[in-house]
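Undergrad: Provided below: data_33.json, containing JSON, C-alpha atoms and all ligand atoms.
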[["chain", "number", "residue", "atom", "x", "y", "z"],
["A", 1, "MET", "CA", -30.14, -100.06, 19.97],
["A", 2, "ILE", "CA", -29.09, -97.73, 22.73],
["A", 3, "ALA", "CA", -28.99, -94.76, 20.33],
["A", 4, "PHE", "CA", -32.51, -95.35, 19.00],
["A", 5, "ASP", "CA", -33.96, -95.98, 22.45],
["A", 6, "TRP", "CA", -32.48, -92.81, 23.93],
["A", 7, "LEU", "CA", -33.49, -90.63, 21.00],
["A", 8, "GLN", "CA", -36.99, -92.12, 21.24],
["A", 9, "ARG", "CA", -37.13, -91.19, 24.89],
["A", 10, "ALA", "CA", -35.80, -87.69, 24.13],
["A", 11, "ARG", "CA", -38.57, -87.22, 21.57],
["A", 12, "ALA", "CA", -41.27, -88.53, 23.94],
["A", 13, "GLU", "CA", -40.13, -86.34, 26.82],
["A", 14, "GLY", "CA", -39.18, -83.23, 24.82],
["A", 15, "PHE", "CA", -35.48, -83.00, 25.51],
["A", 16, "ALA", "CA", -32.35, -83.28, 23.35],
["A", 17, "ILE", "CA", -29.13, -85.23, 23.80],
["A", 18, "GLY", "CA", -25.94, -83.20, 23.50],
["A", 19, "ALA", "CA", -23.45, -84.51, 20.93],
["A", 20, "PHE", "CA", -19.93, -83.42, 21.79],
["A", 21, "ASN", "CA", -16.79, -83.93, 19.70],
["A", 22, "VAL", "CA", -13.65, -85.54, 21.05],
["A", 23, "GLY", "CA", -10.16, -84.95, 19.73],
["A", 24, "ASN", "CA", -8.26, -86.46, 22.64],
["A", 25, "LEU", "CA", -8.68, -88.41, 25.87],
["A", 26, "GLU", "CA", -8.85, -85.28, 28.04],
["A", 27, "THR", "CA", -11.86, -83.90, 26.14],
["A", 28, "PHE", "CA", -13.45, -87.35, 26.35],
["A", 29, "LYS", "CA", -12.97, -87.34, 30.13],
["A", 30, "ALA", "CA", -14.40, -83.83, 30.47],
["A", 31, "ILE", "CA", -17.58, -84.75, 28.56],
["A", 32, "VAL", "CA", -18.10, -88.00, 30.44],
["A", 33, "GLN", "CA", -17.53, -86.38, 33.84],
["A", 34, "ALA", "CA", -20.06, -83.69, 32.95],
["A", 35, "ALA", "CA", -22.60, -86.32, 31.92],
["A", 36, "ALA", "CA", -22.01, -88.32, 35.10],
["A", 37, "ASN", "CA", -22.30, -85.21, 37.24],
["A", 38, "LYS", "CA", -25.57, -84.23, 35.53],
["A", 39, "LYS", "CA", -26.89, -87.81, 35.27],
["A", 40, "SER", "CA", -27.38, -87.29, 31.55],
["A", 41, "PRO", "CA", -27.16, -89.53, 28.50],
["A", 42, "ILE", "CA", -24.51, -88.33, 26.11],
["A", 43, "ILE", "CA", -23.44, -88.59, 22.49],
["A", 44, "ILE", "CA", -19.67, -88.63, 21.99],
["A", 45, "GLU", "CA", -18.77, -87.93, 18.41],
["A", 46, "SER", "CA", -15.72, -87.76, 16.20],
["A", 47, "SER", "CA", -15.36, -85.95, 12.87],
["A", 48, "PRO", "CA", -13.29, -87.68, 10.16],
["A", 49, "GLY", "CA", -10.24, -85.68, 11.27],
["A", 50, "GLU", "CA", -10.77, -86.55, 14.93],
["A", 51, "THR", "CA", -11.48, -90.20, 14.06],
["A", 52, "HIS", "CA", -8.28, -90.55, 12.05],
["A", 53, "TRP", "CA", -6.36, -88.84, 14.85],
["A", 54, "MET", "CA", -7.61, -91.09, 17.65],
["A", 55, "GLY", "CA", -8.65, -94.25, 15.79],
["A", 56, "ALA", "CA", -12.26, -95.43, 15.46],
["A", 57, "SER", "CA", -11.73, -98.57, 17.58],
["A", 58, "ASN", "CA", -10.07, -96.55, 20.34],
["A", 59, "ILE", "CA", -12.96, -94.09, 20.46],
["A", 60, "ALA", "CA", -15.59, -96.85, 20.51],
["A", 61, "ASP", "CA", -13.72, -98.78, 23.21],
["A", 62, "ILE", "CA", -13.05, -95.72, 25.40],
["A", 63, "GLY", "CA", -16.77, -94.98, 25.16],
["A", 64, "LYS", "CA", -17.62, -98.47, 26.38],
["A", 65, "ASN", "CA", -15.06, -98.31, 29.21],
["A", 66, "PHE", "CA", -16.20, -94.90, 30.44],
["A", 67, "SER", "CA", -19.86, -95.91, 30.20],
["A", 68, "LYS", "CA", -19.15, -98.82, 32.54],
["A", 69, "GLU", "CA", -16.93, -96.79, 34.86],
["A", 70, "TYR", "CA", -19.29, -93.81, 35.21],
["A", 71, "GLY", "CA", -22.61, -95.65, 34.84],
["A", 72, "ILE", "CA", -24.01, -93.42, 32.10],
["A", 73, "PRO", "CA", -25.21, -94.24, 28.58],
["A", 74, "ILE", "CA", -22.66, -93.16, 25.97],
["A", 75, "ILE", "CA", -23.67, -93.24, 22.31],
["A", 76, "VAL", "CA", -20.64, -93.00, 20.04],
["A", 77, "ASN", "CA", -21.30, -91.21, 16.75],
["A", 78, "LEU", "CA", -19.26, -90.70, 13.59],
["A", 79, "ASP", "CA", -19.76, -87.01, 12.76],
["A", 80, "HIS", "CA", -19.96, -85.75, 9.14],
["A", 81, "SER", "CA", -18.37, -88.71, 7.44],
["A", 82, "GLU", "CA", -18.13, -88.06, 3.72],
["A", 83, "THR", "CA", -17.19, -91.57, 2.57],
["A", 84, "PRO", "CA", -18.97, -94.93, 2.80],
["A", 85, "GLU", "CA", -15.61, -96.50, 3.79],
["A", 86, "ASP", "CA", -15.35, -94.38, 6.95],
["A", 87, "CYS", "CA", -18.97, -95.22, 7.81],
["A", 88, "MET", "CA", -18.29, -98.96, 7.41],
["A", 89, "ALA", "CA", -15.14, -98.68, 9.56],
["A", 90, "ALA", "CA", -17.15, -97.00, 12.32],
["A", 91, "ILE", "CA", -19.88, -99.64, 12.08],
["A", 92, "GLU", "CA", -17.21, -102.32, 12.40],
["A", 93, "ALA", "CA", -15.55, -100.51, 15.31],
["A", 94, "GLY", "CA", -18.77, -100.51, 17.33],
["A", 95, "TYR", "CA", -20.15, -96.98, 16.94],
["A", 96, "GLY", "CA", -23.85, -96.67, 17.79],
["A", 97, "LEU", "CA", -24.66, -93.97, 15.26],
["A", 98, "VAL", "CA", -23.09, -92.89, 11.98],
["A", 99, "HIS", "CA", -23.69, -89.60, 10.23],
["A", 100, "PHE", "CA", -23.18, -89.84, 6.49],
["A", 101, "ASP", "CA", -22.85, -86.30, 5.12],
["A", 102, "GLY", "CA", -23.40, -86.60, 1.39],
["A", 103, "SER", "CA", -24.20, -82.94, 0.92],
["A", 104, "LYS", "CA", -21.18, -82.41, -1.32],
["A", 105, "PHE", "CA", -22.48, -85.05, -3.75],
["A", 106, "SER", "CA", -25.34, -84.73, -6.20],
["A", 107, "TYR", "CA", -28.71, -85.58, -4.66],
["A", 108, "GLU", "CA", -28.81, -88.93, -6.52],
["A", 109, "GLU", "CA", -25.30, -89.91, -5.41],
["A", 110, "ASN", "CA", -26.07, -88.87, -1.83],
["A", 111, "VAL", "CA", -29.20, -91.08, -1.82],
["A", 112, "LYS", "CA", -27.30, -94.01, -3.33],
["A", 113, "ILE", "CA", -24.50, -93.98, -0.72],
["A", 114, "ALA", "CA", -26.80, -93.15, 2.21],
["A", 115, "LYS", "CA", -28.94, -96.18, 1.33],
["A", 116, "GLN", "CA", -25.88, -98.46, 1.40],
["A", 117, "VAL", "CA", -24.79, -97.05, 4.76],
["A", 118, "VAL", "CA", -28.31, -97.45, 6.20],
["A", 119, "GLU", "CA", -28.46, -101.07, 5.05],
["A", 120, "ALA", "CA", -25.09, -101.95, 6.58],
["A", 121, "ALA", "CA", -25.80, -100.04, 9.80],
["A", 122, "HIS", "CA", -29.33, -101.34, 10.36],
["A", 123, "SER", "CA", -28.19, -104.95, 9.94],
["A", 124, "LYS", "CA", -26.09, -104.37, 13.07],
["A", 125, "GLY", "CA", -28.66, -102.34, 15.02],
["A", 126, "ILE", "CA", -26.85, -99.05, 14.35],
["A", 127, "ILE", "CA", -28.74, -95.94, 13.30],
["A", 128, "VAL", "CA", -27.83, -93.39, 10.62],
["A", 129, "GLU", "CA", -28.00, -89.63, 10.30],
["A", 130, "GLY", "CA", -28.22, -88.01, 6.88],
["A", 131, "GLU", "CA", -28.29, -84.56, 5.35],
["A", 132, "ILE", "CA", -28.86, -82.94, 2.00],
["A", 133, "ASP", "CA", -28.05, -79.29, 2.60],
["A", 134, "ARG", "CA", -24.52, -77.96, 2.92],
["A", 135, "ILE", "CA", -24.19, -76.28, 6.30],
["A", 136, "VAL", "CA", -22.66, -72.80, 6.18],
["A", 137, "GLY", "CA", -19.36, -72.46, 8.09],
["A", 138, "ALA", "CA", -16.22, -74.32, 7.13],
["A", 139, "GLY", "CA", -15.51, -76.34, 10.26],
["A", 140, "SER", "CA", -16.02, -75.96, 13.98],
["A", 141, "GLU", "CA", -13.75, -72.96, 14.35],
["A", 142, "VAL", "CA", -13.88, -69.38, 15.56],
["A", 143, "HIS", "CA", -14.63, -67.69, 12.22],
["A", 144, "LYS", "CA", -13.45, -64.10, 11.89],
["A", 145, "GLU", "CA", -15.66, -63.37, 8.89],
["A", 146, "MET", "CA", -19.40, -62.71, 8.82],
["A", 147, "TYR", "CA", -21.77, -64.58, 6.51],
["A", 148, "THR", "CA", -24.43, -62.66, 4.65],
["A", 149, "VAL", "CA", -28.08, -63.45, 5.28],
["A", 150, "GLU", "CA", -28.28, -64.74, 1.68],
["A", 151, "GLN", "CA", -25.34, -67.11, 2.26],
["A", 152, "ILE", "CA", -26.92, -68.52, 5.40],
["A", 153, "ARG", "CA", -30.37, -68.81, 3.83],
["A", 154, "SER", "CA", -28.94, -70.64, 0.82],
["A", 155, "GLY", "CA", -28.38, -73.68, 3.03],
["A", 156, "TYR", "CA", -31.87, -73.80, 4.56],
["A", 157, "THR", "CA", -33.69, -77.13, 4.49],
["A", 158, "ASP", "CA", -36.55, -77.57, 2.03],
["A", 159, "PRO", "CA", -39.07, -79.68, 4.03],
["A", 160, "LYS", "CA", -40.45, -81.49, 0.98],
["A", 161, "LYS", "CA", -36.99, -82.34, -0.31],
["A", 162, "ALA", "CA", -36.07, -83.56, 3.18],
["A", 163, "ARG", "CA", -39.13, -85.84, 3.28],
["A", 164, "LYS", "CA", -38.23, -87.31, -0.12],
["A", 165, "PHE", "CA", -34.63, -87.96, 0.98],
["A", 166, "ILE", "CA", -35.75, -89.63, 4.21],
["A", 167, "GLU", "CA", -38.21, -91.88, 2.34],
["A", 168, "GLU", "CA", -35.66, -92.85, -0.27],
["A", 169, "THR", "CA", -32.81, -93.61, 2.14],
["A", 170, "GLY", "CA", -34.39, -94.74, 5.41],
["A", 171, "VAL", "CA", -32.13, -92.53, 7.56],
["A", 172, "ASP", "CA", -33.15, -92.35, 11.22],
["A", 173, "VAL", "CA", -31.89, -88.86, 12.05],
["A", 174, "PHE", "CA", -32.08, -85.85, 9.74],
["A", 175, "ALA", "CA", -29.77, -82.83, 10.05],
["A", 176, "ALA", "CA", -31.93, -79.75, 9.51],
["A", 177, "PHE", "CA", -30.60, -76.30, 8.68],
["A", 178, "PHE", "CA", -32.65, -73.29, 9.65],
["A", 179, "GLY", "CA", -30.11, -70.63, 10.64],
["A", 180, "ASN", "CA", -27.59, -72.86, 12.42],
["A", 181, "ILE", "CA", -24.02, -72.67, 11.15],
["A", 182, "HIS", "CA", -20.78, -74.48, 11.98],
["A", 183, "GLY", "CA", -18.39, -72.66, 14.28],
["A", 184, "THR", "CA", -18.91, -69.23, 15.76],
["A", 185, "VAL", "CA", -19.02, -65.87, 13.97],
["A", 186, "PRO", "CA", -18.33, -62.33, 15.26],
["A", 187, "PRO", "CA", -21.03, -60.76, 17.48],
["A", 188, "GLY", "CA", -24.18, -59.98, 15.50],
["A", 189, "GLY", "CA", -23.34, -62.52, 12.78],
["A", 190, "GLN", "CA", -25.47, -65.39, 14.06],
["A", 191, "PRO", "CA", -29.05, -65.02, 12.78],
["A", 192, "PRO", "CA", -32.01, -66.11, 14.92],
["A", 193, "LEU", "CA", -33.12, -69.67, 14.17],
["A", 194, "ASP", "CA", -36.10, -70.04, 11.82],
["A", 195, "ILE", "CA", -38.26, -72.08, 14.18],
["A", 196, "ALA", "CA", -41.28, -71.92, 11.83],
["A", 197, "LEU", "CA", -39.24, -73.64, 9.10],
["A", 198, "LEU", "CA", -38.01, -76.24, 11.59],
["A", 199, "GLN", "CA", -41.60, -76.96, 12.59],
["A", 200, "LYS", "CA", -42.49, -77.59, 8.94],
["A", 201, "VAL", "CA", -39.58, -80.05, 8.70],
["A", 202, "LYS", "CA", -40.71, -81.73, 11.92],
["A", 203, "GLU", "CA", -44.29, -82.13, 10.64],
["A", 204, "ILE", "CA", -43.29, -84.14, 7.59],
["A", 205, "ALA", "CA", -39.87, -85.63, 8.40],
["A", 206, "GLY", "CA", -40.98, -88.47, 10.67],
["A", 207, "THR", "CA", -37.37, -88.96, 11.83],
["A", 208, "PHE", "CA", -35.34, -87.71, 14.75],
["A", 209, "LEU", "CA", -33.94, -84.24, 14.06],
["A", 210, "SER", "CA", -30.49, -82.86, 14.79],
["A", 211, "LEU", "CA", -29.20, -79.33, 15.18],
["A", 212, "HIS", "CA", -25.60, -78.83, 14.07],
["A", 213, "GLY", "CA", -23.42, -75.90, 15.08],
["A", 214, "GLY", "CA", -24.84, -75.30, 18.56],
["A", 215, "SER", "CA", -21.92, -73.05, 19.59],
["A", 216, "GLY", "CA", -22.72, -69.36, 19.25],
["A", 217, "ILE", "CA", -26.50, -69.76, 19.02],
["A", 218, "ASP", "CA", -28.62, -67.96, 21.58],
["A", 219, "GLU", "CA", -29.58, -70.27, 24.45],
["A", 220, "SER", "CA", -33.28, -69.40, 24.25],
["A", 221, "ASP", "CA", -33.28, -70.20, 20.51],
["A", 222, "ILE", "CA", -31.82, -73.66, 21.17],
["A", 223, "LYS", "CA", -34.49, -74.31, 23.80],
["A", 224, "LEU", "CA", -37.23, -73.24, 21.35],
["A", 225, "ALA", "CA", -35.79, -75.56, 18.69],
["A", 226, "ILE", "CA", -35.97, -78.45, 21.18],
["A", 227, "GLU", "CA", -39.35, -77.64, 22.70],
["A", 228, "MET", "CA", -41.22, -76.48, 19.60],
["A", 229, "GLY", "CA", -39.16, -77.78, 16.70],
["A", 230, "GLY", "CA", -38.57, -81.33, 17.87],
["A", 231, "ILE", "CA", -34.77, -81.25, 17.90],
["A", 232, "ASN", "CA", -33.46, -84.42, 19.63],
["A", 233, "LYS", "CA", -29.70, -84.08, 19.10],
["A", 234, "VAL", "CA", -27.65, -80.90, 19.51],
["A", 235, "ASN", "CA", -24.08, -80.90, 18.14],
["A", 236, "VAL", "CA", -21.52, -78.79, 19.97],
["A", 237, "ASN", "CA", -17.83, -78.66, 19.17],
["A", 238, "THR", "CA", -16.33, -75.15, 18.97],
["A", 239, "ASP", "CA", -17.29, -74.14, 22.53],
["A", 240, "LEU", "CA", -15.31, -77.11, 23.88],
["A", 241, "ARG", "CA", -12.29, -76.45, 21.68],
["A", 242, "VAL", "CA", -12.18, -72.78, 22.69],
["A", 243, "ALA", "CA", -12.41, -73.63, 26.41],
["A", 244, "PHE", "CA", -9.73, -76.32, 26.06],
["A", 245, "ARG", "CA", -7.24, -74.05, 24.37],
["A", 246, "ALA", "CA", -7.81, -71.05, 26.64],
["A", 247, "SER", "CA", -7.47, -73.15, 29.78],
["A", 248, "LEU", "CA", -4.39, -74.98, 28.48],
["A", 249, "GLU", "CA", -2.64, -71.69, 27.66],
["A", 250, "LYS", "CA", -3.41, -70.32, 31.14],
["A", 251, "THR", "CA", -2.34, -73.53, 32.91],
["A", 252, "LEU", "CA", 0.98, -73.64, 31.07],
["A", 253, "LYS", "CA", 1.60, -69.99, 31.85],
["A", 254, "ASP", "CA", 0.75, -70.46, 35.53],
["A", 255, "ASN", "CA", 2.91, -73.59, 35.87],
["A", 256, "PRO", "CA", 6.01, -72.95, 33.76],
["A", 257, "ASP", "CA", 8.01, -75.78, 35.37],
["A", 258, "THR", "CA", 5.40, -78.56, 35.37],
["A", 259, "VAL", "CA", 6.08, -81.38, 32.93],
["A", 260, "ALA", "CA", 3.87, -84.18, 34.34],
["A", 261, "LEU", "CA", 0.95, -84.20, 31.92],
["A", 262, "TYR", "CA", -1.52, -85.61, 34.43],
["A", 263, "LYS", "CA", -0.85, -82.51, 36.53],
["A", 264, "ILE", "CA", -1.27, -80.11, 33.63],
["A", 265, "PHE", "CA", -4.63, -81.36, 32.34],
["A", 266, "PRO", "CA", -7.02, -81.39, 35.35],
["A", 267, "PRO", "CA", -7.87, -77.65, 35.16],
["A", 268, "VAL", "CA", -8.25, -77.97, 31.38],
["A", 269, "ILE", "CA", -10.65, -80.88, 31.82],
["A", 270, "LYS", "CA", -12.55, -78.91, 34.45],
["A", 271, "SER", "CA", -13.10, -75.96, 32.12],
["A", 272, "VAL", "CA", -14.34, -78.14, 29.24],
["A", 273, "GLN", "CA", -16.54, -80.04, 31.71],
["A", 274, "GLN", "CA", -18.20, -76.76, 32.76],
["A", 275, "VAL", "CA", -19.00, -75.96, 29.12],
["A", 276, "VAL", "CA", -20.55, -79.41, 28.62],
["A", 277, "GLU", "CA", -22.59, -79.14, 31.82],
["A", 278, "ARG", "CA", -24.03, -75.84, 30.60],
["A", 279, "TRP", "CA", -25.03, -77.52, 27.32],
["A", 280, "ILE", "CA", -26.60, -80.48, 29.13],
["A", 281, "ASP", "CA", -28.76, -77.98, 31.02],
["A", 282, "ILE", "CA", -29.76, -76.23, 27.79],
["A", 283, "CYS", "CA", -30.65, -79.60, 26.22],
["A", 284, "GLY", "CA", -32.79, -80.53, 29.24],
["A", 285, "SER", "CA", -31.18, -83.97, 29.52],
["A", 286, "ALA", "CA", -29.98, -83.71, 33.14],
["A", 287, "ASN", "CA", -31.33, -86.28, 35.62],
["A", 288, "LYS", "CA", -32.65, -88.56, 32.88],
["A", 289, "VAL", "CA", -30.35, -91.44, 33.87],
["B", 1, "ZN", "ZN", -22.13, -80.54, 12.00]]
Any chance you could put this one into C-alpha cells?
TA:
Amino acid sequence: MIAFDWLQRARAEGFAIGAFNVGNLETFKAIVQAAANKKSPIIIESSPGETHWMGASNIADIGKNFSKEYGIPIIVNLDHSETPEDCMAAIEAGYGLVHFDGSKFSYEENVKIAKQVVEAAHSKGIIVEGEIDRIVGAGSEVHKEMYTVEQIRSGYTDPKKARKFIEETGVDVFAAFFGNIHGTVPPGGQPPLDIALLQKVKEIAGTFLSLHGGSGIDESDIKLAIEMGGINKVNVNTDLRVAFRASLEKTLKDNPDTVALYKIFPPVIKSVQQVVERWIDICGSANKV
C-alpha cells in the first residue's frame, strides 16, 4: 500500500506527489535521478501508448529496480487507461496505482467498469483513480490552437456528480477539472485555475485529488491548488517530452559523429531531470524521504 500511504502523508502534510510519464528508459532515469537528488517520493506513470511501447511488466520491474538502487519510493501508475483489460494487466504486472478513465463512456458504463477495476485492484492492495469529465486537450502535446473559455469550462467538474461517482465506485483518487488541460497551448490560452471550484470538490469528495495537465499552468496556481484545494497528485508529461526532444536535437547536432547511445543520452537525461526537479519543488515533495 505504498501508494495509499504516501498520498495519505501528502494530504496530511499539504504537499503533492509529481506523476511523470515515461516513454523510454532515459526518461525513467531522468525522473528517478531527480527524485533521488531531491529526496522526494515519485509517481512514474505510463499512458496506454507508453505502456504498449515499453511493456507493463518492464515498467513495473524497472520501477522496483530503480527504487532499490536509488533508495526512493516509486509508485508506478497506469495513466488514463480506457479499458478494463489494460487495468487488469497493470494490476497483474505489479503497478501500485491504476487510473481508469471512463470519461468517454456513459456515466452508467463508467461506474460499472470502474467498480470492477476497484474490486480487482483493492483485492491486491492497489489503489484506483477515476474520472467522469473529459479533460480538454487531445494528448500531452504542444497544441498550436487555442481553446475557447466555453470549451474549457465544458469539462469542469460538478462537485455533486463527483461525490456520487466516488460513492458508487469506491475510487481512491479523483481527477478534478477546474481549468487544467492536457498539453500546452499558445501564450494566453491557459486560463487561471478555478480554485474555488476545486475547494468545493475537496469539501465533498473525501478522496485524494489529482491535477492533470500540469505543463503550462502558472506555478503559483499549482501551489494554490495544492495548498488550498487539496491536490495530492500532479500529472506532468508535456514539459518532459519537450525538454527531451529539444536536448536530443541539440546533442545530435553538436556531436555529428557520435554513435554510442550511452554517450548521446546523458545531456538529454540531464535536461529532463532539471524539469522534474523544478516540478518536485513546485509540488513541495522535496526532502520528504
Ligand atoms: Zn491526464
Undergrad: Counting all atoms listed in the file, select every polymer residue within 12 Å of (-16.3, -99.2, 24.3) as defined in the file's coordinates, and provide the selection as a PyMOL selection string.
TA: chain A and resi 44+56-69+73-76+93-96
Undergrad: Counting all atoms listed in the file, which residues of chain A sit at most 8 Å from some atom of ligand ZN 1 (chain B), and what is each one's closest atom pair with its distance in Å to one decimal, listed by chain and rising residue number, as a Markdown table?
TA:
| residue | atom | partner | partner_atom | distance |
| --- | --- | --- | --- | --- |
| A:Asp79 | CA | B:ZN1 | ZN | 6.9 |
| A:His80 | CA | B:ZN1 | ZN | 6.3 |
| A:Ile135 | CA | B:ZN1 | ZN | 7.4 |
| A:Ser140 | CA | B:ZN1 | ZN | 7.9 |
| A:His182 | CA | B:ZN1 | ZN | 6.2 |
| A:Leu211 | CA | B:ZN1 | ZN | 7.8 |
| A:His212 | CA | B:ZN1 | ZN | 4.4 |
| A:Gly213 | CA | B:ZN1 | ZN | 5.7 |
| A:Asn235 | CA | B:ZN1 | ZN | 6.5 |
Undergrad: Please determine the residues with any atom at most 7 Å from (-21.8, -63.5, 9.9) (coordinates as given in the file, with only C-alpha atoms counting) and report them as a list in words.
TA: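 Collected hits near the coordinates: Glu145, Met146, Tyr147, Thr148, Val185, Pro186, Gly189 and Gln190 of chain A.
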Undergrad: Just checking: using all atoms listed in the file, which residue out of A:Gln199, A:Thr207, A:Ser154, A:Thr27 ends up closest to Phe265 of chain A?
TA: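 When distances to Phe265 of chain A are compared using all atoms listed in the file, the smallest one comes from A:Thr27.
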Undergrad: Point out the residue among A:Asp218, A:Glu131, A:Asp257, A:Glu141 with the least atom-to-atom distance to Lys104 of chain A, counting all atoms listed in the file.
TA: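 Nearest to Lys104 of chain A: A:Glu131.
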Undergrad: Looking at only C-alpha atoms, which of A:Ser220, A:Asn180, A:Thr169, A:Ser40 is the one that sits closest to His122 of chain A?
TA: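 Using only C-alpha atoms, His122 of chain A sits closest to A:Thr169.
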Undergrad: Using all atoms listed in the file, which of the listed residues (A:Ala120, A:Ile43, A:Ile217, A:Ala176) sits closest to Leu7 of chain A?
TA: A:Ile43
